Structures are given as C-alpha cells and as structure tokens.
$ cat query01.csv   # CSV, C-alpha atoms
chain,number,residue,atom,x,y,z
H,1,MET,CA,-56.2,-26.3,-78.1
H,2,ALA,CA,-58.7,-28.6,-79.9
H,3,THR,CA,-57.4,-30.6,-82.8
H,4,ASP,CA,-59.1,-30.0,-86.2
H,5,VAL,CA,-59.3,-33.4,-87.8
H,6,SER,CA,-61.3,-32.4,-90.8
H,7,THR,CA,-58.2,-32.5,-93.0
H,8,HIS,CA,-57.0,-35.8,-91.6
H,9,PRO,CA,-55.9,-37.9,-94.6
H,10,VAL,CA,-58.3,-40.8,-94.0
H,11,ILE,CA,-61.2,-38.3,-93.8
H,12,VAL,CA,-60.2,-36.5,-97.0
H,13,LYS,CA,-59.9,-39.9,-98.7
H,14,LEU,CA,-63.3,-41.1,-97.5
H,15,LEU,CA,-65.1,-37.9,-98.6
H,16,LYS,CA,-63.5,-38.1,-102.0
H,17,GLU,CA,-64.6,-41.7,-102.5
H,18,LEU,CA,-68.1,-41.1,-101.2
H,19,LYS,CA,-68.7,-38.3,-103.6
H,20,THR,CA,-67.6,-40.6,-106.3
H,21,VAL,CA,-69.7,-43.7,-105.5
H,22,VAL,CA,-72.9,-42.0,-104.1
H,23,SER,CA,-72.6,-38.5,-105.5
H,24,GLN,CA,-76.4,-38.1,-106.2
H,25,ASP,CA,-77.6,-39.7,-103.0
H,26,LEU,CA,-75.1,-38.3,-100.5
H,27,VAL,CA,-76.8,-35.9,-98.1
H,28,SER,CA,-74.1,-35.3,-95.5
H,29,VAL,CA,-71.0,-36.7,-93.8
H,30,VAL,CA,-70.8,-35.8,-90.1
H,31,LEU,CA,-68.0,-36.2,-87.6
H,32,TYR,CA,-69.1,-36.9,-84.0
H,33,GLY,CA,-67.6,-38.3,-80.8
H,34,SER,CA,-64.4,-37.1,-79.1
H,35,ALA,CA,-63.0,-35.4,-82.2
H,36,ALA,CA,-66.2,-33.3,-82.6
H,37,ARG,CA,-66.1,-32.4,-78.9
H,38,GLY,CA,-62.5,-31.2,-79.0
H,39,GLU,CA,-61.2,-34.2,-77.0
H,40,TYR,CA,-59.4,-36.0,-79.8
H,41,GLU,CA,-56.1,-37.7,-78.8
H,42,LYS,CA,-54.1,-39.0,-81.7
H,43,ALA,CA,-52.8,-42.0,-79.8
H,44,SER,CA,-56.1,-43.3,-78.4
H,45,SER,CA,-59.1,-41.6,-80.1
H,46,ASP,CA,-61.2,-42.9,-83.0
H,47,LEU,CA,-62.6,-40.9,-85.8
H,48,ASN,CA,-66.4,-41.4,-85.6
H,49,VAL,CA,-68.3,-40.6,-88.8
H,50,LEU,CA,-71.9,-40.6,-89.7
H,51,ILE,CA,-72.9,-40.9,-93.4
H,52,VAL,CA,-76.4,-39.8,-94.4
H,53,VAL,CA,-77.7,-40.8,-97.8
H,54,GLU,CA,-81.2,-40.4,-99.3
H,55,ASP,CA,-82.1,-44.1,-99.2
H,56,LEU,CA,-80.3,-47.0,-97.6
H,57,ASN,CA,-81.3,-49.6,-100.2
H,58,PRO,CA,-79.2,-52.6,-101.2
H,59,THR,CA,-77.8,-50.8,-104.2
H,60,THR,CA,-76.6,-47.9,-102.2
H,61,LEU,CA,-75.2,-50.1,-99.5
H,62,LYS,CA,-73.2,-52.0,-102.1
H,63,ALA,CA,-71.8,-48.7,-103.4
H,64,LEU,CA,-70.8,-47.6,-99.9
H,65,SER,CA,-69.1,-50.9,-99.1
H,66,GLY,CA,-65.9,-50.1,-100.9
H,67,PRO,CA,-65.1,-46.8,-99.3
H,68,ILE,CA,-66.2,-48.0,-95.9
H,69,ALA,CA,-64.1,-51.2,-96.1
H,70,LYS,CA,-61.0,-49.0,-96.8
H,71,TRP,CA,-62.0,-46.7,-93.9
H,72,VAL,CA,-62.2,-49.7,-91.5
H,73,ARG,CA,-58.9,-51.1,-92.7
H,74,SER,CA,-57.3,-47.8,-91.8
H,75,GLY,CA,-58.1,-48.6,-88.2
H,76,GLN,CA,-61.3,-46.5,-87.8
H,77,PRO,CA,-64.7,-47.7,-86.5
H,78,SER,CA,-67.4,-48.5,-89.0
H,79,PRO,CA,-69.4,-45.4,-89.8
H,80,ARG,CA,-73.0,-45.0,-88.8
H,81,LEU,CA,-75.4,-45.1,-91.8
H,82,LEU,CA,-78.6,-43.1,-91.7
H,83,ALA,CA,-81.1,-41.6,-94.1
H,84,PRO,CA,-83.2,-38.4,-93.4
H,85,SER,CA,-86.3,-40.5,-93.0
H,86,ILE,CA,-84.7,-42.8,-90.5
H,87,ILE,CA,-83.5,-39.8,-88.4
H,88,ARG,CA,-87.0,-38.3,-88.5
H,89,ASP,CA,-88.8,-41.6,-87.7
H,90,SER,CA,-86.3,-42.7,-85.0
H,91,ALA,CA,-86.2,-39.6,-82.9
H,92,ASP,CA,-88.7,-41.1,-80.5
H,93,VAL,CA,-86.7,-44.3,-79.8
H,94,PHE,CA,-83.1,-42.9,-79.9
H,95,PRO,CA,-83.5,-39.4,-78.3
H,96,ILE,CA,-80.2,-39.7,-76.3
H,97,GLU,CA,-78.1,-40.6,-79.3
H,98,PHE,CA,-79.6,-37.9,-81.5
H,99,LEU,CA,-79.3,-35.3,-78.8
H,100,ASP,CA,-75.7,-36.2,-78.3
H,101,LEU,CA,-75.0,-36.1,-82.0
H,102,ARG,CA,-76.8,-32.7,-82.3
H,103,ALA,CA,-74.9,-31.2,-79.4
H,104,ALA,CA,-71.4,-32.1,-80.6
H,105,HIS,CA,-70.9,-32.7,-84.3
H,106,GLN,CA,-69.0,-31.3,-87.2
H,107,VAL,CA,-70.5,-31.3,-90.7
H,108,LEU,CA,-67.7,-32.4,-93.1
H,109,CYS,CA,-69.9,-32.1,-96.2
H,110,GLY,CA,-73.5,-31.5,-97.2
H,111,ALA,CA,-76.4,-30.3,-95.0
H,112,ASP,CA,-76.7,-30.6,-91.2
H,113,PRO,CA,-79.0,-33.6,-90.7
H,114,PHE,CA,-79.9,-32.5,-87.1
H,115,GLU,CA,-80.7,-28.8,-87.6
H,116,ASP,CA,-84.4,-29.2,-87.4
H,117,LEU,CA,-84.6,-32.4,-85.3
H,118,GLU,CA,-87.3,-32.3,-82.6
H,119,ILE,CA,-87.0,-34.4,-79.4
H,120,HIS,CA,-89.9,-34.9,-77.0
H,121,VAL,CA,-89.2,-35.0,-73.3
H,122,GLN,CA,-91.4,-38.0,-72.6
H,123,HIS,CA,-89.4,-40.1,-75.1
H,124,LEU,CA,-86.2,-38.9,-73.6
H,125,ARG,CA,-87.1,-39.7,-70.0
H,126,ILE,CA,-88.2,-43.3,-70.9
H,127,GLN,CA,-84.9,-43.9,-72.7
H,128,CYS,CA,-82.8,-42.4,-70.0
H,129,GLU,CA,-84.3,-44.7,-67.4
H,130,ARG,CA,-84.4,-47.8,-69.6
H,131,GLU,CA,-80.8,-47.4,-70.8
H,132,LEU,CA,-79.5,-46.7,-67.2
H,133,ARG,CA,-81.3,-49.9,-65.9
H,134,GLU,CA,-80.1,-52.0,-68.9
H,135,LYS,CA,-76.4,-50.8,-68.5
H,136,MET,CA,-76.5,-51.4,-64.8
H,137,MET,CA,-77.7,-55.0,-65.5
H,138,ARG,CA,-74.8,-55.4,-67.9
H,139,LEU,CA,-72.4,-54.0,-65.3
H,140,ARG,CA,-73.6,-56.5,-62.7
H,141,GLU,CA,-73.3,-59.4,-65.1
H,142,ALA,CA,-69.8,-58.4,-66.2
H,143,TYR,CA,-68.6,-57.9,-62.6
H,144,LEU,CA,-69.5,-61.5,-61.8
H,145,GLU,CA,-67.0,-62.6,-64.5
H,146,VAL,CA,-64.1,-60.2,-63.8
H,147,HIS,CA,-64.1,-59.3,-60.1
H,148,ASN,CA,-61.2,-61.7,-59.4
H,149,SER,CA,-59.0,-60.1,-62.1
H,150,GLU,CA,-57.6,-56.6,-61.4
H,151,ARG,CA,-56.8,-56.0,-65.0
H,152,LYS,CA,-60.2,-57.1,-66.3
H,153,LEU,CA,-62.0,-55.1,-63.6
H,154,LYS,CA,-60.1,-52.0,-64.5
H,155,ARG,CA,-61.1,-52.5,-68.1
H,156,LEU,CA,-64.8,-52.9,-67.1
H,157,LEU,CA,-64.7,-49.7,-65.1
H,158,THR,CA,-63.1,-47.7,-67.9
H,159,ASP,CA,-65.2,-49.1,-70.7
H,160,SER,CA,-68.4,-48.4,-68.7
H,161,TYR,CA,-67.4,-44.8,-68.0
H,162,SER,CA,-68.1,-43.4,-71.4
H,163,THR,CA,-71.3,-45.3,-71.6
H,164,PHE,CA,-72.7,-43.8,-68.4
H,165,VAL,CA,-71.5,-40.3,-69.2
H,166,ALA,CA,-73.4,-40.5,-72.5
H,167,LEU,CA,-76.5,-41.3,-70.5
H,168,PHE,CA,-75.8,-38.5,-68.0
H,169,ARG,CA,-75.8,-36.2,-71.1
H,170,GLY,CA,-79.3,-37.4,-71.9
H,171,CYS,CA,-80.4,-36.8,-68.3
H,172,LEU,CA,-79.0,-33.2,-68.4
H,173,HIS,CA,-81.0,-32.6,-71.6
H,174,LEU,CA,-84.0,-34.1,-69.8
H,175,HIS,CA,-83.6,-31.7,-67.0
H,176,GLY,CA,-83.3,-28.8,-69.4
H,177,ASP,CA,-79.7,-27.9,-68.5
H,178,GLU,CA,-77.1,-26.8,-70.9
H,179,VAL,CA,-74.9,-29.8,-71.6
H,180,PRO,CA,-71.1,-29.3,-71.7
H,181,ALA,CA,-68.9,-31.0,-74.3
H,182,HIS,CA,-66.4,-32.6,-72.0
H,183,HIS,CA,-67.0,-35.8,-70.1
H,184,ASP,CA,-65.6,-34.5,-66.8
H,185,GLU,CA,-67.9,-31.4,-66.9
H,186,VAL,CA,-70.9,-33.6,-67.6
H,187,VAL,CA,-70.2,-35.8,-64.6
H,188,ASP,CA,-69.7,-32.7,-62.4
H,189,ILE,CA,-73.0,-31.2,-63.3
H,190,PHE,CA,-75.0,-34.4,-63.2
H,191,ALA,CA,-73.5,-35.4,-59.9
H,192,ALA,CA,-74.4,-32.1,-58.3
H,193,LEU,CA,-77.9,-32.3,-59.8
H,194,ALA,CA,-78.6,-35.8,-58.6
H,195,GLU,CA,-76.7,-35.4,-55.3
H,196,LEU,CA,-74.1,-38.0,-56.1
H,197,ASP,CA,-70.5,-38.3,-54.9
H,198,ARG,CA,-68.5,-37.5,-58.0
H,199,VAL,CA,-65.2,-38.9,-56.5
H,200,PRO,CA,-65.7,-42.5,-57.8
H,201,PHE,CA,-66.3,-41.1,-61.3
H,202,GLU,CA,-63.2,-39.0,-61.1
H,203,GLU,CA,-61.2,-42.0,-60.1
H,204,VAL,CA,-62.6,-44.1,-63.0
H,205,ALA,CA,-61.8,-41.2,-65.3
H,206,ARG,CA,-58.2,-41.2,-64.0
H,207,LEU,CA,-57.9,-45.0,-64.8
H,208,LYS,CA,-59.3,-44.3,-68.3
H,209,HIS,CA,-56.5,-41.8,-68.9
H,210,GLY,CA,-53.9,-44.2,-67.6
H,211,GLN,CA,-53.3,-42.5,-64.3
H,212,SER,CA,-53.0,-44.2,-60.9
H,213,VAL,CA,-55.8,-44.2,-58.3
H,214,SER,CA,-55.7,-44.5,-54.5
H,215,GLN,CA,-58.1,-47.4,-54.3
H,216,ASN,CA,-57.9,-51.0,-55.5
H,217,PRO,CA,-60.4,-51.8,-58.3
H,218,ASN,CA,-62.8,-53.8,-56.2
H,219,GLU,CA,-63.1,-51.0,-53.6
H,220,LEU,CA,-63.6,-48.4,-56.4
H,221,PHE,CA,-66.2,-50.6,-58.1
H,222,VAL,CA,-68.3,-50.7,-54.9
H,223,ARG,CA,-68.3,-46.9,-54.6
H,224,TYR,CA,-68.9,-46.4,-58.4
H,225,TYR,CA,-71.8,-48.9,-58.3
H,226,GLU,CA,-73.4,-47.3,-55.3
H,227,GLU,CA,-73.5,-43.9,-57.0
H,228,LEU,CA,-74.8,-45.3,-60.3
H,229,THR,CA,-77.6,-47.0,-58.4
H,230,LYS,CA,-78.5,-43.6,-56.9
H,231,ALA,CA,-78.5,-42.1,-60.3
H,232,VAL,CA,-81.1,-44.6,-61.6
H,233,SER,CA,-83.3,-43.8,-58.6
H,234,ARG,CA,-83.1,-40.1,-59.3
H,235,VAL,CA,-84.1,-40.5,-62.9
H,236,ASP,CA,-86.8,-42.9,-62.1
H,237,ARG,CA,-88.5,-40.1,-60.0
H,238,PHE,CA,-88.2,-37.5,-62.7
H,239,GLU,CA,-91.4,-35.8,-63.6
H,240,PRO,CA,-91.2,-34.1,-67.1
H,241,SER,CA,-94.0,-31.7,-66.3
H,242,SER,CA,-92.2,-30.2,-63.3
H,243,GLY,CA,-88.8,-29.9,-65.1
H,244,GLY,CA,-86.6,-31.5,-62.4
H,245,LEU,CA,-85.2,-34.6,-60.8
H,246,HIS,CA,-87.0,-35.5,-57.6
H,247,GLU,CA,-86.3,-37.6,-54.6

$ encode --input "query01.csv" --output "structure tokens"
Amino acid sequence: MATDVSTHPVIVKLLKELKTVVSQDLVSVVLYGSAARGEYEKASSDLNVLIVVEDLNPTTLKALSGPIAKWVRSGQPSPRLLAPSIIRDSADVFPIEFLDLRAAHQVLCGADPFEDLEIHVQHLRIQCERELREKMMRLREAYLEVHNSERKLKRLLTDSYSTFVALFRGCLHLHGDEVPAHHDEVVDIFAALAELDRVPFEEVARLKHGQSVSQNPNELFVRYYEELTKAVSRVDRFEPSSGGLHE
C-alpha cells in the first residue's frame, strides 16, 4: 500500500512557513519523485518538493531561504524552485523532466503547474538522445576510476540506475506509450520495446535494494553497459513522424 506523506511533519511545517513568507506569490507546492509514485521508503527515500512562485526575484529568494534552510537541515534535498513563466519557456529544453513531473506528482497546495503543459515530440527526441549519450559518457569516465573497487563499482551501478530509468521514461513518452509509475515496470516495457536484455537492469535493481546478485560487479557492469549502448542506438534511429523506435 502506498504511503501518503502529505501529512509528514516536515512537509506540514514547510507549507506553513511558505504560506507565511511568500503568501502573495506562492503558486503551488508539489511533491514528486518516489513519494509521488508510491515508492516511498521511510528508511531510504527522500521527500522531493517543487515550489512554484510568481517571480524568482532576489527578494522572493531571500524570503524562501529561511524555510528552505530548515527543510534541508531536516535531511531533505533542496527543493526545486520554478515560476510559471520558467515552466512555460523551458518545456522545449527540459521535456523529460517536465513529463516525469507531470506523470507522477502530488499537489500539496495551490494550482497544478503542469496541467496545461505542452511538450513537442521533436524536443523530447533530441533530449532523450543527448541525455543518454551524456550519461553514457559519464558512466565510462566513472568506470575508469572505480573498476578496481567492488564497493565503488556497486555504488556506480546503483546510482546510475535511477538516472537511466528516468531517461527510459522519456523514451516511452517519445514512443507514445503509457508510462508506468514504478521503475521496474518502466525497464520491462522499454527493454521489450528496444529489444534489450532486461536481466542486467534487474540485477542492478537488486543491488540498489540491498539484495545479493549472482555476478561480480565487473561482469555485471559489462552486461549493463552493453544493453545501455544498444538503447542509445535505438533512440538515435527514432523517427518522430513514424511513431516508433527503429533499427
């Protein structure tokens, strides 16, 4: 059963303080990430919050600094700060992020900032390929540094998993498919669509959840890397007008 975190004490406190310091300019506060997708785990999950205000000018930023500092001191990640105009004007450069937010979010107060958001497929395809190639570059560079350390290599695998799943979500949007909320389901659908072996992803997911795997980290990395390389190739051949991923 999904955990409702909207009444979590730190969220209640944040909302109260925001309504005090930026009451006139506050548009909405939105919960996103694992908690909004129903995957929140008290011991390991963060509470990801987006704050939307009318104008992110220095005066408003100073007003927000107090509540946000307390939020961060409570152990939560710093909130994302946006304004309606930024959301509207940035949809062409951050389509994956906005689609992910629109697909799984919970409005804690105010209006839904993503209700009428439009994303164009051409912008989405470019970001999917660019981000996949950039994250693969980072993965290669990091592997050079950690391949001799089992502990660090496991950390690289598990840290990269959520990043690539987020990109797979974007690719499913690109293909016009319904995008499930849970990471494992996203991987299953994308792997089938792109004709990938999903086993390496399942093994990395097991590591992420603290479970044992049958392969040593270097062997797992090789298989994981091979399937990610195939994924980049599939997206590179995507033709928006035809509505599919092509060889």

$ residues_near_point --input "query01.csv" --point "(-58.7, -51.1, -55.8)" --cutoff "12 Å" --atoms "all atoms listed in the file" --output "NGL selection string"
:H and (147-151 or 153-154 or 157 or 200 or 203-204 or 207 or 212-224)

$ residues_around --input "query01.csv" --residues "Pro95 in chain H" --least-positions-apart "6" --cutoff "12 Å" --atoms "all atoms listed in the file" --output "list of chain:residue names"
H:Ile87, H:Arg88, H:Asp89, H:Leu101, H:Arg102, H:Ala103, H:Phe114, H:Leu117, H:Glu118, H:Ile119, H:His120, H:Val121, H:Gln122, H:His123, H:Leu124, H:Arg125, H:Ile126, H:Gln127, H:Cys128, H:Glu131, H:Ala166, H:Leu167, H:Arg169, H:Gly170, H:Cys171, H:His173, H:Leu174

$ residues_around --input "query01.csv" --residues "range 62-67 of chain H" --least-positions-apart "3" --cutoff "7 Å" --atoms "only C-alpha atoms" --output "list in words"
Leu14, Glu17, Leu18, Val21, Val22, Pro58, Thr59, Lys70 and Trp71 of chain H

$ atom_distance --input "query01.csv" --atom1 "CA of Asp4 in chain H" --atom2 "CA of Val107 in chain H"
12.3 Å

$ closest_residue --input "query01.csv" --among "H:Lys19, H:Lys13, H:His182, H:His209" --to "Gly110 in chain H" --atoms "all atoms listed in the file"
H:Lys19

$ atom_distance --input "query01.csv" --atom1 "CA of Asp236 in chain H" --atom2 "CA of Leu99 in chain H"
19.8 Å

$ residues_near_point --input "query01.csv" --point "(-80.6, -42.6, -92.2)" --cutoff "8 Å" --atoms "all atoms listed in the file" --output "number ranges by chain"
H: 51-56, 81-87

$ atom_distance --input "query01.csv" --atom1 "CA of His175 in chain H" --atom2 "CA of Glu195 in chain H"
14.1 Å

$ closest_residue --input "query01.csv" --among "H:Phe190, H:Tyr143, H:Tyr225, H:Phe201" --to "Phe168 in chain H" --atoms "all atoms listed in the file"
H:Phe190

$ residues_around --input "query01.csv" --residues "Ala36 in chain H" --least-positions-apart "6" --cutoff "6 Å" --atoms "only C-alpha atoms" --output "PyMOL selection string"
chain H and resi 104-106

$ closest_residue --input "query01.csv" --among "H:Ala205, H:Ser34, H:Asn48, H:Ser78" --to "Ser160 in chain H" --atoms "all atoms listed in the file"
H:Ala205

$ axis_aligned_box --input "query01.csv" --around "range 95-105 of chain H" --padding-each-side "3 Å" --output "lines of an AutoDock Vina configuration file"
center_x = -77.2
center_y = -35.9
center_z = -80.3
size_x = 18.6
size_y = 15.4
size_z = 14.0

$ closest_residue --input "query01.csv" --among "H:Leu47, H:Arg234, H:Ala142, H:Met137" --to "Thr7 in chain H" --atoms "only C-alpha atoms"
H:Leu47

$ decode --input "query01.csv" --residues "range 18-44 of chain H" --atoms "N, CA and C atoms" --output "tab-separated table (two decimals), in the first residue's frame"
chain	number	residue	atom	x	y	z
H	18	LEU	N	6.01	28.57	4.20
H	18	LEU	CA	5.94	29.17	2.87
H	18	LEU	C	4.73	30.10	2.76
H	19	LYS	N	3.62	29.66	3.31
H	19	LYS	CA	2.41	30.49	3.25
H	19	LYS	C	2.57	31.77	4.07
H	20	THR	N	3.52	31.76	4.99
H	20	THR	CA	3.78	32.95	5.79
H	20	THR	C	4.72	33.91	5.07
H	21	VAL	N	5.81	33.38	4.50
H	21	VAL	CA	6.85	34.27	3.95
H	21	VAL	C	6.59	34.69	2.50
H	22	VAL	N	5.86	33.89	1.72
H	22	VAL	CA	5.57	34.26	0.32
H	22	VAL	C	4.09	34.05	0.01
H	23	SER	N	3.25	34.44	0.91
H	23	SER	CA	1.81	34.14	0.79
H	23	SER	C	1.21	34.69	-0.50
H	24	GLN	N	1.62	35.89	-0.92
H	24	GLN	CA	1.04	36.51	-2.10
H	24	GLN	C	1.59	35.92	-3.41
H	25	ASP	N	2.83	35.45	-3.37
H	25	ASP	CA	3.49	34.98	-4.59
H	25	ASP	C	3.49	33.47	-4.75
H	26	LEU	N	3.07	32.73	-3.74
H	26	LEU	CA	3.11	31.28	-3.80
H	26	LEU	C	2.03	30.76	-4.76
H	27	VAL	N	2.46	30.03	-5.79
H	27	VAL	CA	1.54	29.47	-6.77
H	27	VAL	C	1.16	28.05	-6.40
H	28	SER	N	2.16	27.23	-6.08
H	28	SER	CA	1.90	25.84	-5.72
H	28	SER	C	3.13	25.21	-5.09
H	29	VAL	N	2.88	24.14	-4.34
H	29	VAL	CA	3.94	23.29	-3.81
H	29	VAL	C	3.60	21.87	-4.25
H	30	VAL	N	4.56	21.20	-4.86
H	30	VAL	CA	4.30	19.91	-5.48
H	30	VAL	C	5.30	18.87	-4.97
H	31	LEU	N	4.78	17.72	-4.62
H	31	LEU	CA	5.61	16.58	-4.25
H	31	LEU	C	5.86	15.75	-5.51
H	32	TYR	N	7.12	15.34	-5.72
H	32	TYR	CA	7.43	14.50	-6.87
H	32	TYR	C	8.43	13.42	-6.45
H	33	GLY	N	8.87	12.60	-7.39
H	33	GLY	CA	9.82	11.55	-7.07
H	33	GLY	C	9.16	10.31	-6.51
H	34	SER	N	9.93	9.53	-5.74
H	34	SER	CA	9.46	8.23	-5.27
H	34	SER	C	8.20	8.34	-4.42
H	35	ALA	N	8.10	9.38	-3.60
H	35	ALA	CA	6.92	9.53	-2.74
H	35	ALA	C	5.66	9.75	-3.56
H	36	ALA	N	5.77	10.52	-4.65
H	36	ALA	CA	4.61	10.77	-5.50
H	36	ALA	C	4.26	9.56	-6.35
H	37	ARG	N	5.24	8.68	-6.59
H	37	ARG	CA	4.98	7.47	-7.38
H	37	ARG	C	4.52	6.31	-6.52
H	38	GLY	N	4.42	6.50	-5.21
H	38	GLY	CA	4.01	5.43	-4.33
H	38	GLY	C	5.13	4.47	-3.98
H	39	GLU	N	6.39	4.91	-4.15
H	39	GLU	CA	7.54	4.06	-3.87
H	39	GLU	C	8.33	4.55	-2.65
H	40	TYR	N	7.74	5.39	-1.84
H	40	TYR	CA	8.45	5.97	-0.70
H	40	TYR	C	8.78	4.91	0.34
H	41	GLU	N	10.05	4.90	0.75
H	41	GLU	CA	10.51	4.02	1.82
H	41	GLU	C	11.11	4.90	2.91
H	42	LYS	N	10.55	4.83	4.10
H	42	LYS	CA	10.92	5.74	5.18
H	42	LYS	C	12.41	5.73	5.45
H	43	ALA	N	13.04	4.57	5.36
H	43	ALA	CA	14.45	4.45	5.73
H	43	ALA	C	15.39	4.99	4.67
H	44	SER	N	14.96	5.03	3.42
H	44	SER	CA	15.91	5.37	2.35
H	44	SER	C	15.44	6.44	1.36
